[in-house]
Amino acid sequence: MGDTPIGVREMMKRNYQKELDQILDTMDRPQKLFLHSCCAPCSSYVLEYLAQYFEITVFFYNPNISPESEYRYRVNEIQRLIRESKDNYKYPITFVEGDYQPEVFYQMAKGMEELPERGERCYHCYEQRMREAAIKAVEAGADYFTTTLSISPMKNAQWINEIGERLSQEFHIKHLPSDFKKRNGYKRSIELSKEYDLYRQDYCGCVYSKKERERQKSAKKSQDS
């Protein structure tokens, strides 16, 4: 299953936003970024921010999303966002859809089905999606790869960047550090979601996160009644 961070990584917290700033400050020309997208709302701010520095390929690879109708809806939303906002970007944005492979996700999650959200299963889910992004980024001849995942307050930016750095070494492509929730990035994504009337899902995407969200709703309903 690869390296697990649970209870192991107690590293000093790094300022990934500052590290990103340093990279952007030294760029003297636009470079090619392969950006893994988890959904349209999370991508909205990231595209607004990074398209002034990079020629971006948005890569939608999320085999965790269930059911397929939900997956298709989210694909359509990210494509619509790119189409409707393209005139706001300094550099061009293209879209690539990965294969929808829910069986790959379920195989990865085997034995971790009952683990809570934000635990080890989620770590390996991040890695699964980012690994595919790194592979495709190399094939596309990109200068960097990264993911929109770090914009969510529910996602662990340290894990995401550790995974990115490890994949960077494995595939010999630069990983762009990120903690996109910083500097009101998450807040801006909410504003842009309203502006473009984007569908904001109430669960991460997998069947396990959906079940947990339903339990939370049920518990709240019981408290309110």
# chains A, B, ... in the order shown; residues from 1 in each chain; ligands from 1
$ select_by_dssp --residues "stretch 113-154 of chain A" --states "strand (DSSP E)" --output "count of residues only"
4
$ residues_around --residues "A:Asp143" --least-positions-apart "5" --cutoff "10 Å" --atoms "only C-alpha atoms" --output "JSON, numbers by chain"
{"A": [30, 31, 32, 33, 34, 54, 55, 137, 138, 173, 174, 175, 176]}
$ residues_around --residues "A:Glu97" --least-positions-apart "6" --cutoff "8 Å" --atoms "only C-alpha atoms" --output "MDAnalysis selection string"
chainID A and resid 59:61 75
$ closest_residue --among "A:Asn64, A:Asn88, A:Ser44, A:Thr148" --to "A:Tyr199" --atoms "only C-alpha atoms"
A:Ser44
$ select_by_dssp --residues "stretch 85-186 of chain A" --states "helix (DSSP H, G or I)" --output "number ranges by chain"
A: 85-88, 102-109, 120-140, 148-151, 157-171, 185-186
$ closest_residue --among "A:Leu149, A:Cys125, A:Ala109, A:Ile82" --to "A:Glu48" --atoms "only C-alpha atoms"
A:Ile82
$ residues_around --residues "A:Ser189" --least-positions-apart "6" --cutoff "12 Å" --atoms "only C-alpha atoms" --output "JSON, numbers by chain"
{"A": [39, 40, 41, 42, 43, 44, 45, 46, 47, 48, 49, 148, 151, 152, 153, 180, 181, 182, 183, 195, 196, 197, 198, 199, 200]}
$ residues_around --residues "A:Asn15" --least-positions-apart "3" --cutoff "9 Å" --atoms "only C-alpha atoms" --output "ChimeraX atom specification"
/A:18-20,178-179
$ write_last_selection --atoms "all heavy atoms" --output "CSV table (one decimal), in the first residue's frame"
chain,number,residue,atom,x,y,z
A,18,LYS,N,4.2,29.8,0.9
A,18,LYS,CA,5.5,30.6,0.8
A,18,LYS,C,6.4,29.9,-0.2
A,18,LYS,O,7.0,30.6,-1.0
A,18,LYS,CB,6.2,30.7,2.1
A,18,LYS,CG,7.4,31.6,2.1
A,18,LYS,CD,7.9,31.8,3.5
A,18,LYS,CE,9.2,32.7,3.5
A,18,LYS,NZ,9.7,33.0,4.8
A,19,GLU,N,6.5,28.6,-0.2
A,19,GLU,CA,7.3,27.9,-1.2
A,19,GLU,C,6.8,28.1,-2.6
A,19,GLU,O,7.6,28.3,-3.5
A,19,GLU,CB,7.3,26.4,-0.8
A,19,GLU,CG,8.1,26.1,0.5
A,19,GLU,CD,8.1,24.6,0.8
A,19,GLU,OE1,8.0,23.8,-0.1
A,19,GLU,OE2,8.3,24.3,2.0
A,20,LEU,N,5.5,28.1,-2.7
A,20,LEU,CA,4.9,28.4,-4.1
A,20,LEU,C,5.2,29.8,-4.5
A,20,LEU,O,5.6,30.0,-5.7
A,20,LEU,CB,3.4,28.1,-4.0
A,20,LEU,CG,2.6,28.5,-5.3
A,20,LEU,CD1,3.1,27.7,-6.5
A,20,LEU,CD2,1.1,28.2,-5.1
A,178,SER,N,1.7,23.3,-2.7
A,178,SER,CA,0.5,24.0,-2.6
A,178,SER,C,-0.2,23.9,-1.2
A,178,SER,O,-0.1,22.8,-0.6
A,178,SER,CB,-0.5,23.6,-3.7
A,178,SER,OG,-1.1,22.3,-3.4
A,179,ASP,N,-0.9,24.9,-0.8
A,179,ASP,CA,-1.9,24.9,0.2
A,179,ASP,C,-2.9,25.9,-0.2
A,179,ASP,O,-2.9,27.0,0.4
A,179,ASP,CB,-1.3,25.2,1.6
A,179,ASP,CG,-2.2,24.8,2.7
A,179,ASP,OD1,-3.4,24.4,2.4
A,179,ASP,OD2,-1.8,24.9,3.9
$ atom_distance --atom1 "atom CA of A:Gln223" --atom2 "atom CA of A:Lys187"
28.5 Å
$ atom_distance --atom1 "atom CA of A:Thr57" --atom2 "atom CA of A:Gln107"
27.8 Å
